[in-house]
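What follows is the content of run14.csv, which has CSV, C-alpha atoms:
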chain,number,residue,atom,x,y,z
A,1,MET,CA,10.7,6.2,-19.6
A,2,ILE,CA,7.1,5.3,-20.1
A,3,TYR,CA,4.7,8.2,-19.3
A,4,HIS,CA,1.0,8.2,-18.6
A,5,SER,CA,-1.4,11.1,-18.8
A,6,PHE,CA,-3.1,12.4,-15.7
A,7,GLN,CA,-5.4,15.3,-16.4
A,8,ASP,CA,-3.0,17.9,-17.9
A,9,LEU,CA,0.2,16.2,-16.6
A,10,GLN,CA,2.6,13.6,-18.0
A,11,LEU,CA,3.6,11.4,-15.1
A,12,SER,CA,6.5,8.8,-15.3
A,13,SER,CA,5.0,5.4,-15.0
A,14,LEU,CA,7.6,4.6,-12.3
A,15,GLY,CA,7.4,6.6,-9.1
A,16,PHE,CA,10.1,6.7,-6.4
A,17,GLY,CA,8.6,5.6,-3.1
A,18,THR,CA,10.6,6.7,-0.1
A,19,MET,CA,9.5,4.2,2.6
A,20,ARG,CA,12.7,2.1,2.3
A,21,LEU,CA,15.5,4.5,1.7
A,22,PRO,CA,19.2,3.5,1.9
A,23,LEU,CA,20.6,3.5,5.5
A,24,LEU,CA,23.9,4.0,7.2
A,25,GLU,CA,25.1,1.6,9.8
A,26,ASN,CA,23.7,3.9,12.6
A,27,GLY,CA,20.3,3.6,11.0
A,28,SER,CA,20.1,7.1,9.6
A,29,ILE,CA,19.3,7.8,5.9
A,30,ASP,CA,22.3,7.6,3.6
A,31,MET,CA,22.0,11.0,1.9
A,32,VAL,CA,24.9,10.4,-0.4
A,33,GLU,CA,23.3,7.3,-1.8
A,34,LEU,CA,19.9,8.9,-1.9
A,35,ASP,CA,21.3,11.8,-3.9
A,36,ARG,CA,22.8,9.4,-6.4
A,37,MET,CA,19.4,7.6,-6.7
A,38,VAL,CA,17.5,10.9,-7.2
A,39,ASP,CA,20.1,12.1,-9.8
A,40,THR,CA,19.7,8.8,-11.7
A,41,ALA,CA,15.9,8.9,-11.4
A,42,ILE,CA,15.6,12.5,-12.7
A,43,ALA,CA,18.2,11.9,-15.5
A,44,SER,CA,16.2,8.9,-16.6
A,45,GLY,CA,12.8,10.7,-16.7
A,46,VAL,CA,11.3,9.8,-13.3
A,47,ASN,CA,9.3,12.8,-12.1
A,48,TYR,CA,7.1,11.5,-9.3
A,49,PHE,CA,8.3,11.1,-5.7
A,50,ASP,CA,6.2,9.8,-2.8
A,51,THR,CA,6.7,10.2,0.9
A,52,ALA,CA,4.7,10.2,4.2
A,53,LEU,CA,5.0,11.2,7.8
A,54,PRO,CA,5.5,7.7,9.3
A,55,TYR,CA,8.2,6.7,6.8
A,56,HIS,CA,11.7,6.3,8.5
A,57,GLU,CA,10.3,7.6,11.8
A,58,GLY,CA,9.5,11.0,10.2
A,59,ASN,CA,12.8,11.5,8.4
A,60,SER,CA,11.8,10.5,4.9
A,61,GLU,CA,10.0,13.8,4.2
A,62,THR,CA,13.1,15.9,5.2
A,63,ALA,CA,15.5,13.6,3.3
A,64,ILE,CA,13.6,13.5,-0.1
A,65,GLY,CA,12.8,17.2,0.2
A,66,LYS,CA,16.5,18.1,0.7
A,67,SER,CA,17.6,15.9,-2.2
A,68,LEU,CA,15.0,17.2,-4.6
A,69,SER,CA,15.7,20.8,-3.7
A,70,ARG,CA,18.8,20.6,-5.9
A,71,TYR,CA,16.5,20.6,-8.9
A,72,PRO,CA,14.0,23.2,-10.2
A,73,ARG,CA,10.7,22.9,-8.4
A,74,GLU,CA,8.7,22.6,-11.6
A,75,SER,CA,10.8,19.6,-12.7
A,76,TRP,CA,9.4,17.1,-10.2
A,77,TYR,CA,6.1,16.1,-8.5
A,78,LEU,CA,6.0,15.5,-4.8
A,79,ALA,CA,3.3,13.4,-3.0
A,80,ASP,CA,2.8,13.4,0.8
A,81,LYS,CA,0.0,12.0,3.0
A,82,PHE,CA,-2.0,12.8,6.1
A,83,PRO,CA,-1.9,9.8,8.5
A,84,GLY,CA,-5.4,9.8,9.8
A,85,HIS,CA,-5.2,6.0,10.2
A,86,GLN,CA,-3.2,6.7,13.3
A,87,ASN,CA,-6.1,8.4,15.1
A,88,VAL,CA,-7.2,5.6,17.4
A,89,PRO,CA,-8.8,5.5,20.9
A,90,GLY,CA,-6.3,6.5,23.6
A,91,VAL,CA,-4.1,8.5,21.2
A,92,THR,CA,-4.4,12.3,20.9
A,93,PRO,CA,-5.8,12.9,17.4
A,94,LEU,CA,-3.4,14.4,14.8
A,95,ASP,CA,-4.4,17.9,13.9
A,96,PRO,CA,-4.6,18.2,10.0
A,97,GLU,CA,-3.4,21.8,10.0
A,98,GLU,CA,-0.4,21.2,12.3
A,99,VAL,CA,0.6,18.1,10.4
A,100,PHE,CA,0.2,19.7,6.9
A,101,GLU,CA,2.2,22.9,7.8
A,102,THR,CA,4.9,20.8,9.3
A,103,GLN,CA,5.1,18.6,6.3
A,104,LEU,CA,5.5,21.5,3.9
A,105,LYS,CA,8.3,22.9,6.1
A,106,LYS,CA,10.1,19.5,6.3
A,107,CYS,CA,9.9,19.0,2.6
A,108,GLY,CA,11.0,22.6,1.9
A,109,VAL,CA,8.0,23.3,-0.5
A,110,ASP,CA,5.2,25.7,-0.7
A,111,TYR,CA,2.7,23.2,-2.1
A,112,PHE,CA,2.3,19.5,-2.7
A,113,ASP,CA,1.6,18.3,-6.2
A,114,PHE,CA,-0.3,15.3,-4.8
A,115,TYR,CA,-1.6,14.8,-1.4
A,116,LEU,CA,-3.4,11.7,0.0
A,117,LEU,CA,-5.5,10.7,2.9
A,118,HIS,CA,-3.3,7.9,4.2
A,119,ASN,CA,-4.5,4.4,4.6
A,120,VAL,CA,-8.3,4.6,4.3
A,121,ASN,CA,-9.6,1.3,5.8
A,122,GLU,CA,-12.4,-0.2,7.9
A,123,ASN,CA,-10.8,1.3,11.0
A,124,SER,CA,-9.6,4.7,9.8
A,125,MET,CA,-12.9,5.4,8.1
A,126,ARG,CA,-14.3,6.0,11.6
A,127,TYR,CA,-12.2,9.1,11.6
A,128,TYR,CA,-12.1,10.1,7.9
A,129,CYS,CA,-15.8,9.7,7.3
A,130,LYS,CA,-17.0,11.9,10.2
A,131,PRO,CA,-17.6,15.4,8.7
A,132,GLU,CA,-17.4,16.8,12.2
A,133,ASN,CA,-13.7,16.0,12.3
A,134,GLY,CA,-13.2,18.4,9.5
A,135,CYS,CA,-10.3,16.4,8.0
A,136,VAL,CA,-11.4,16.1,4.3
A,137,GLU,CA,-12.8,19.6,4.4
A,138,TYR,CA,-9.5,21.0,5.6
A,139,PHE,CA,-7.6,19.5,2.7
A,140,LEU,CA,-10.2,20.5,0.2
A,141,LYS,CA,-9.6,24.0,1.4
A,142,GLN,CA,-5.9,23.7,1.0
A,143,LYS,CA,-6.5,22.4,-2.6
A,144,ALA,CA,-8.7,25.5,-3.3
A,145,ASN,CA,-5.8,27.7,-2.0
A,146,GLY,CA,-3.4,26.0,-4.4
A,147,ARG,CA,-1.3,24.4,-1.7
A,148,ILE,CA,-2.5,20.9,-2.8
A,149,ARG,CA,-2.7,20.5,-6.6
A,150,HIS,CA,-4.3,17.0,-6.6
A,151,LEU,CA,-6.1,15.3,-3.7
A,152,GLY,CA,-6.5,11.5,-3.5
A,153,PHE,CA,-6.3,8.7,-1.0
A,154,SER,CA,-4.5,5.4,-0.4
A,155,CYS,CA,-6.6,2.4,0.6
A,156,HIS,CA,-6.0,-1.0,2.3
A,157,ALA,CA,-9.8,-1.6,2.8
A,158,ALA,CA,-11.8,-4.5,1.5
A,159,PRO,CA,-13.8,-3.7,-1.7
A,160,ASP,CA,-17.1,-3.0,0.2
A,161,ALA,CA,-15.4,-0.5,2.5
A,162,LEU,CA,-13.8,1.1,-0.5
A,163,LYS,CA,-17.3,1.5,-2.1
A,164,GLU,CA,-18.6,3.0,1.2
A,165,PHE,CA,-15.8,5.6,1.3
A,166,LEU,CA,-16.4,6.5,-2.4
A,167,SER,CA,-20.1,7.0,-1.7
A,168,MET,CA,-19.2,9.8,0.7
A,169,TYR,CA,-16.1,11.4,-0.8
A,170,GLY,CA,-15.6,9.9,-4.3
A,171,LYS,CA,-16.5,13.2,-6.0
A,172,GLU,CA,-13.8,15.0,-4.1
A,173,MET,CA,-11.0,12.5,-4.8
A,174,GLU,CA,-8.9,12.5,-8.0
A,175,PHE,CA,-7.0,9.2,-7.7
A,176,CYS,CA,-6.6,6.2,-5.4
A,177,GLN,CA,-3.5,4.2,-4.4
A,178,ILE,CA,-4.0,0.5,-3.6
A,179,GLN,CA,-1.8,-2.5,-2.9
A,180,LEU,CA,-1.6,-4.2,-6.3
A,181,ASN,CA,0.5,-7.1,-7.5
A,182,TYR,CA,-0.1,-10.5,-9.0
A,183,VAL,CA,-0.6,-12.1,-5.6
A,184,ASP,CA,-3.0,-9.5,-4.2
A,185,TRP,CA,-5.0,-9.5,-7.5
A,186,THR,CA,-6.9,-12.4,-5.9
A,187,LEU,CA,-5.6,-12.6,-2.3
A,188,GLN,CA,-6.8,-9.0,-1.4
A,189,ASP,CA,-9.4,-8.9,-4.2
A,190,ALA,CA,-7.5,-6.1,-5.9
A,191,ARG,CA,-9.2,-7.0,-9.1
A,192,ARG,CA,-12.6,-6.0,-7.7
A,193,LYS,CA,-11.1,-2.8,-6.3
A,194,CYS,CA,-9.8,-1.9,-9.7
A,195,GLU,CA,-13.3,-2.4,-11.1
A,196,ILE,CA,-14.8,-0.2,-8.4
A,197,LEU,CA,-12.3,2.6,-9.1
A,198,LYS,CA,-12.9,2.3,-12.8
A,199,ASP,CA,-16.6,2.7,-12.3
A,200,ALA,CA,-15.9,5.7,-10.1
A,201,GLY,CA,-13.7,7.2,-12.8
A,202,LEU,CA,-10.6,7.3,-10.6
A,203,PRO,CA,-7.2,6.3,-11.9
A,204,VAL,CA,-5.2,3.7,-10.0
A,205,TRP,CA,-1.9,4.3,-8.3
A,206,VAL,CA,0.0,1.2,-7.2
A,207,MET,CA,1.8,0.5,-3.9
A,208,GLU,CA,3.7,-2.7,-3.0
A,209,PRO,CA,4.1,-3.9,-6.6
A,210,VAL,CA,6.7,-6.5,-5.4
A,211,ARG,CA,5.0,-6.9,-2.0
A,212,GLY,CA,7.8,-5.5,0.1
A,213,GLY,CA,10.4,-7.5,-1.8
A,214,ARG,CA,8.5,-10.8,-1.5
A,215,LEU,CA,8.1,-10.9,-5.3
A,216,ALA,CA,11.7,-9.8,-6.0
A,217,ALA,CA,13.5,-13.1,-5.2
A,218,PHE,CA,12.5,-16.8,-5.3
A,219,ASP,CA,14.2,-20.1,-4.9
A,220,ALA,CA,16.6,-21.2,-7.7
A,221,GLU,CA,14.1,-23.4,-9.5
A,222,ILE,CA,11.5,-20.7,-9.9
A,223,GLU,CA,14.1,-18.0,-10.9
A,224,GLU,CA,15.6,-20.4,-13.5
A,225,LYS,CA,12.1,-20.9,-15.0
A,226,LEU,CA,11.5,-17.2,-15.2
A,227,ARG,CA,14.9,-16.7,-16.9
A,228,SER,CA,14.1,-19.4,-19.4
A,229,TYR,CA,11.2,-17.2,-20.7
A,230,ARG,CA,13.0,-13.8,-20.4
A,231,PRO,CA,16.7,-14.2,-20.0
A,232,ASP,CA,17.4,-10.4,-19.9
A,233,GLU,CA,14.7,-9.6,-17.2
A,234,SER,CA,15.3,-9.5,-13.5
A,235,VAL,CA,12.9,-11.2,-11.1
A,236,PRO,CA,11.3,-8.0,-9.9
A,237,ALA,CA,10.7,-6.9,-13.5
A,238,TRP,CA,8.1,-9.7,-13.9
A,239,ALA,CA,5.9,-8.0,-11.3
A,240,PHE,CA,6.1,-4.7,-13.2
A,241,ARG,CA,5.5,-6.5,-16.5
A,242,TRP,CA,2.4,-8.1,-15.0
A,243,LEU,CA,1.1,-4.6,-14.1
A,244,GLN,CA,1.8,-3.5,-17.7
A,245,THR,CA,-0.4,-6.4,-18.9
A,246,VAL,CA,-3.4,-6.7,-16.6
A,247,PRO,CA,-4.6,-3.7,-14.7
A,248,LYS,CA,-2.4,-1.1,-16.5
A,249,PRO,CA,-2.4,1.6,-13.7
A,250,THR,CA,-1.4,5.2,-14.1
A,251,MET,CA,1.3,5.2,-11.5
A,252,ILE,CA,3.5,2.4,-10.1
A,253,LEU,CA,5.4,3.3,-6.9
A,254,SER,CA,8.5,1.3,-6.0
A,255,GLY,CA,10.2,1.6,-2.6
A,256,MET,CA,13.8,1.4,-3.8
A,257,SER,CA,16.6,1.0,-1.3
A,258,ASN,CA,19.8,1.4,-3.4
A,259,LEU,CA,21.1,2.6,-6.8
A,260,GLN,CA,21.1,-0.9,-8.3
A,261,GLN,CA,17.3,-1.3,-7.7
A,262,MET,CA,16.8,2.1,-9.2
A,263,GLU,CA,18.8,1.3,-12.3
A,264,ASP,CA,17.1,-2.1,-12.7
A,265,ASN,CA,13.6,-0.5,-12.5
A,266,ILE,CA,14.5,2.2,-14.9
A,267,ARG,CA,15.5,-0.4,-17.5
A,268,THR,CA,12.2,-2.1,-17.0
A,269,PHE,CA,10.2,1.1,-17.4
A,270,SER,CA,12.1,2.2,-20.5
A,271,GLU,CA,9.4,0.5,-22.6
A,272,GLU,CA,6.3,-1.6,-22.1
A,273,GLU,CA,6.8,-5.3,-22.7
A,274,PRO,CA,3.6,-7.0,-21.5
A,275,LEU,CA,3.4,-10.7,-20.7
A,276,ASN,CA,2.0,-13.1,-23.2
A,277,GLU,CA,-0.5,-15.9,-22.3
A,278,LYS,CA,2.2,-18.5,-21.5
A,279,GLU,CA,4.0,-16.0,-19.3
A,280,LEU,CA,0.8,-15.1,-17.5
A,281,GLU,CA,0.2,-18.8,-16.8
A,282,LEU,CA,3.7,-19.0,-15.4
A,283,ILE,CA,3.0,-16.0,-13.1
A,284,ARG,CA,-0.1,-17.8,-11.8
A,285,GLU,CA,2.0,-20.8,-11.0
A,286,VAL,CA,4.6,-18.7,-9.2
A,287,SER,CA,1.8,-16.9,-7.2
A,288,GLY,CA,0.4,-20.3,-6.1
A,289,SER,CA,3.8,-21.5,-5.0
A,290,ILE,CA,4.8,-18.5,-2.8
A,291,ALA,CA,3.0,-20.0,0.2
A,292,ARG,CA,0.8,-22.9,1.1
A,293,LEU,CA,-2.4,-20.9,1.1
A,294,ILE,CA,-5.8,-21.9,2.4
A,295,PRO,CA,-7.7,-22.8,-0.8
A,296,CYS,CA,-10.8,-20.7,0.1
A,297,THR,CA,-12.8,-19.6,-3.0
A,298,GLY,CA,-15.1,-17.3,-1.1
A,299,CYS,CA,-18.3,-19.3,-1.8
A,300,ARG,CA,-19.6,-18.4,1.7
A,301,TYR,CA,-21.3,-21.8,2.2
A,302,CYS,CA,-19.5,-21.9,5.6
A,303,CYS,CA,-21.2,-18.7,6.8
A,304,ALA,CA,-24.8,-19.9,6.6
A,305,GLY,CA,-24.5,-22.3,9.5
A,306,CYS,CA,-21.9,-20.5,11.7
A,307,PRO,CA,-23.5,-20.0,15.1
A,308,MET,CA,-21.2,-17.1,15.8
A,309,GLY,CA,-21.9,-15.3,12.6
A,310,LEU,CA,-18.3,-15.1,11.5
A,311,ASP,CA,-17.2,-13.8,8.1
A,312,ILE,CA,-15.1,-16.9,7.6
A,313,PRO,CA,-13.8,-16.2,4.0
A,314,TYR,CA,-12.7,-12.7,5.1
A,315,LEU,CA,-10.8,-14.2,8.1
A,316,LEU,CA,-9.2,-16.9,6.0
A,317,SER,CA,-8.1,-14.3,3.4
A,318,MET,CA,-6.3,-12.4,6.2
A,319,ALA,CA,-4.7,-15.7,7.4
A,320,ASN,CA,-3.4,-16.2,3.9
A,321,ASP,CA,-2.1,-12.6,3.8
A,322,MET,CA,-0.2,-13.1,7.0
A,323,ALA,CA,1.2,-16.4,5.7
A,324,ILE,CA,2.9,-14.6,2.9
A,325,HIS,CA,4.1,-11.6,4.8
A,326,ARG,CA,3.4,-10.6,8.4
A,327,SER,CA,2.1,-7.1,7.8
A,328,PHE,CA,0.8,-4.4,10.1
A,329,ASN,CA,-1.9,-3.8,7.5
A,330,VAL,CA,-3.5,-7.2,8.4
A,331,VAL,CA,-3.2,-6.2,12.1
A,332,MET,CA,-5.0,-2.9,11.3
A,333,ARG,CA,-7.8,-4.6,9.3
A,334,TYR,CA,-8.2,-7.3,12.0
A,335,SER,CA,-8.5,-4.7,14.7
A,336,ALA,CA,-11.4,-3.2,12.8
A,337,ILE,CA,-13.5,-6.4,13.3
A,338,GLU,CA,-15.7,-6.1,16.3
A,339,GLU,CA,-15.1,-8.3,19.4
A,340,GLY,CA,-16.8,-11.6,19.1
A,341,LYS,CA,-16.4,-11.7,15.3
A,342,ARG,CA,-12.7,-12.4,15.1
A,343,ALA,CA,-11.0,-15.7,14.6
A,344,ASP,CA,-10.8,-16.4,18.4
A,345,ALA,CA,-14.6,-16.4,18.6
A,346,CYS,CA,-14.8,-19.7,16.7
A,347,ILE,CA,-16.2,-22.4,19.0
A,348,GLY,CA,-15.0,-25.3,16.8
A,349,CYS,CA,-18.4,-26.8,16.1
A,350,GLY,CA,-17.3,-27.9,12.6
A,351,GLN,CA,-20.4,-26.9,10.7
A,352,CYS,CA,-18.3,-24.8,8.4
A,353,ALA,CA,-16.0,-27.7,7.6
A,354,HIS,CA,-18.9,-29.9,6.7
A,355,ALA,CA,-20.3,-27.3,4.4
A,356,CYS,CA,-16.9,-26.4,2.7
A,357,PRO,CA,-16.7,-27.7,-0.9
A,358,GLN,CA,-12.9,-27.4,-0.7
A,359,LYS,CA,-12.7,-29.6,2.4
A,360,ILE,CA,-10.9,-26.9,4.4
A,361,ARG,CA,-10.6,-27.7,8.1
A,362,VAL,CA,-11.9,-24.3,9.0
A,363,PRO,CA,-11.9,-24.5,12.8
A,364,GLU,CA,-8.2,-25.6,12.7
A,365,GLU,CA,-7.3,-22.8,10.4
A,366,LEU,CA,-9.1,-20.2,12.4
A,367,ALA,CA,-7.4,-21.4,15.6
A,368,LYS,CA,-4.0,-21.1,14.0
A,369,PHE,CA,-4.8,-17.6,12.7
A,370,ALA,CA,-6.1,-16.5,16.1
A,371,GLU,CA,-2.9,-17.7,17.8
A,372,MET,CA,-0.8,-15.9,15.2
A,373,MET,CA,-2.7,-12.6,15.9
A,374,LYS,CA,-2.2,-13.0,19.6
A,375,GLN,CA,1.5,-12.8,19.0
A,376,GLN,CA,1.2,-9.5,17.2
A,377,LYS,CA,1.1,-6.1,18.7
A,378,SER,CA,-2.3,-4.5,18.5
A,379,TRP,CA,-3.0,-1.7,16.1
A,380,GLU,CA,-3.6,0.6,19.1
A,381,GLU,CA,-0.2,-0.3,20.5
A,382,ILE,CA,1.5,0.4,17.2
A,383,CYS,CA,-0.2,3.8,16.9
A,384,ARG,CA,0.7,4.7,20.5
A,385,GLU,CA,4.3,3.9,19.9
A,386,ARG,CA,4.3,6.0,16.7
A,387,ALA,CA,2.6,8.9,18.5
A,388,GLU,CA,5.2,8.8,21.3
A,389,ALA,CA,8.0,8.7,18.7
A,390,ALA,CA,6.5,11.7,16.9
A,391,ALA,CA,6.1,13.6,20.1
A,392,LYS,CA,9.7,12.9,21.1
A,393,MET,CA,11.0,14.0,17.7
A,394,LYS,CA,8.9,17.2,17.9
A,395,GLU,CA,10.4,17.9,21.4
A,396,ASN,CA,13.9,17.3,20.1
A,397,ASN,CA,13.3,19.6,17.1
A,398,ASN,CA,12.1,22.4,19.5
Output the file's structure in the form of structure tokens.
Amino acid sequence: MIYHSFQDLQLSSLGFGTMRLPLLENGSIDMVELDRMVDTAIASGVNYFDTALPYHEGNSETAIGKSLSRYPRESWYLADKFPGHQNVPGVTPLDPEEVFETQLKKCGVDYFDFYLLHNVNENSMRYYCKPENGCVEYFLKQKANGRIRHLGFSCHAAPDALKEFLSMYGKEMEFCQIQLNYVDWTLQDARRKCEILKDAGLPVWVMEPVRGGRLAAFDAEIEEKLRSYRPDESVPAWAFRWLQTVPKPTMILSGMSNLQQMEDNIRTFSEEEPLNEKELELIREVSGSIARLIPCTGCRYCCAGCPMGLDIPYLLSMANDMAIHRSFNVVMRYSAIEEGKRADACIGCGQCAHACPQKIRVPEELAKFAEMMKQQKSWEEICRERAEAAAKMKENNN
């Protein structure tokens, strides 16, 4: 197992993310399979386990805590998160103290080795960045009391919003977890995020290294080409090898769902085998073939003449994101854009298309994206549903 230093700790480069645990036919977590996965992980040197309140409708924390309790507490590190991103208008705000105490109890621990502000983004910053809410201050107090050993945050925000959050709380944070893979290196401008975090002196934790499985399987032609370069490597391994080559983060979380995935990832992380230049070029080809993406380069020539003042490159980047994988993270980011600045505000005047060096039919693309977003549940609806599910679970537990 590859290990990376974090302060005075040695962390396994591979972390076990528990958002996609094995399930039984009735939809409950398969504890027998989970125990086998945890046994294999620990026997192979994995020592970092990550959970969160929303995972598996609140059951992930209990499941991983129970499985890990079979081993000495000092032999593993557990990370949990406060879901402040679910505090939206119309939903009763989550209380940091109530959530934190419940999480400790569910996980069966007295402290968390790592604790994160969950999903800092353009929307949730309206909650996290208001000192009067007392959220960050509460968790800093828990850290001072030894109930949190290391405090950080996960982030789906655009680079500028990330910088804004760091300007307020960067000195209090010890690490940052971002969505990072060879597609989002450019699609979500993860490269710039890595640069911002490096300048801030914060190590990078990786989530979605295979983009929810999208980078774990391709059509036969692409997979055969990958095998011709590395016959003994699995398709998902290429995503991890890319991370070992380019950004080189401290922690890479993988949301594994069965023992086979665990064993394959452990083989990959037994040693570093970074990609060479030809292999990196192949990965760039694969990335470009995943979806027919809008070829926006972000030059912003289109913005100067837009009568509605739309941030067209940002909207097109979200349209590309949704083309690859319809994610609630895009819904969340889109909801943070003020009314009148979203894709449906385009009046179709065509000035943007005339100014575009890439000859993109911008009004058409914005119209398609606007229609796509109309078909999605709003972020407020998603949060209300989660709040209702959490309240029902709490009632059943009582």
Please report as a Markdown table every residue of range 47-110 of chain A lying within 12 Å of range 140-144 of chain A, along with the nearest atom pair and their distance in Å (one decimal), using only C-alpha atoms.
| residue | atom | partner | partner_atom | distance |
| --- | --- | --- | --- | --- |
| A:Pro96 | CA | A:Gln142 | CA | 10.6 |
| A:Glu97 | CA | A:Gln142 | CA | 9.5 |
| A:Phe100 | CA | A:Gln142 | CA | 9.4 |
| A:Glu101 | CA | A:Gln142 | CA | 10.6 |
| A:Leu104 | CA | A:Gln142 | CA | 12.0 |
| A:Asp110 | CA | A:Gln142 | CA | 11.4 |
- request: Excluding range 8-17 of chain A and residues on its chain fewer than 2 positions from it, collect all residues at most 10 Å away from it, counting all atoms listed in the file, and give them as a PyMOL selection string.
  value: chain A and resi 1-6+19-21+37-38+41+44-52+55+60+64+76-79+205-208+240+244+248-257+262+265-266+268-270
message: I want to know what sits within 9 Å of Val210 in chain A, based on only C-alpha atoms, with residues of the same chain fewer than 4 positions away left out; could you give that as an NGL selection string?
response: :A and (180-182 or 214-216 or 236 or 239-240 or 254)
Non-local contacts of Leu166 in chain A (12 Å; all atoms listed in the file; under 2 positions in same chain excluded) as an MDAnalysis selection string: chainID A and resid 120:121 125 128:129 152:153 155 157 159:164 168:176 193 196:202
message: Residues within 12 Å of Ser289 in chain A, please, as a list of chain:residue names. Count only C-alpha atoms; anything in the same chain fewer than 6 positions from it doesn't count.
response: A:Val183, A:Leu215, A:Phe218, A:Asp219, A:Glu221, A:Ile222, A:Leu282, A:Ile283, A:Ile324
- request: Using all atoms listed in the file, determine which residues lie at most 9 Å from Asn329 in chain A, disregarding the query and same-chain residues fewer than 3 positions distant; provide the list as JSON, numbers by chain.
  value: {"A": [156, 326, 332, 333, 334, 379]}
Rows by chain and residue number, range 234-337 of chain A within 9 Å of range 188-192 of chain A, shortest pair, only C-alpha atoms, as a tab-separated table:
residue	atom	partner	partner_atom	distance
A:Pro247	CA	A:Arg191	CA	8.0
A:Ser317	CA	A:Gln188	CA	7.3
A:Met318	CA	A:Gln188	CA	8.3
A:Asp321	CA	A:Gln188	CA	7.9
field: Residue among A:Asn276, A:Gln358, A:Ser378, A:Gln261 lying closest to Ala237 in chain A, counting all atoms listed in the file
entry: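 Closest to Ala237 in chain A of all the choices is A:Gln261.
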message: I'd like to know which of A:Val331, A:Leu53, A:Ala370, A:Leu117 is closest to Arg386 in chain A, using only C-alpha atoms.
response: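 Ranking A:Val331, A:Leu53, A:Ala370, A:Leu117 by distance to Arg386 in chain A, first place goes to A:Leu53.
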field: Computed interatomic separation between CA of Pro295 in chain A and CA of Asp344 in chain A (Å)
entry: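 Taking CA of Pro295 in chain A as the start and CA of Asp344 in chain A as the end point, the length is 20.5 Å.
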field: Distance criterion (only C-alpha atoms): nearest to Glu57 in chain A out of A:Thr18, A:Glu74, A:Tyr111, A:Leu116
entry: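 Smallest separation from Glu57 in chain A among the options: A:Thr18.
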task: Name the closest residue to Glu381 in chain A among the candidates A:Asn87, A:Asp35, A:Asp264, A:Lys225; distances are taken between atoms, counting only C-alpha atoms.
output: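 Closest to Glu381 in chain A of all the choices is A:Asn87.
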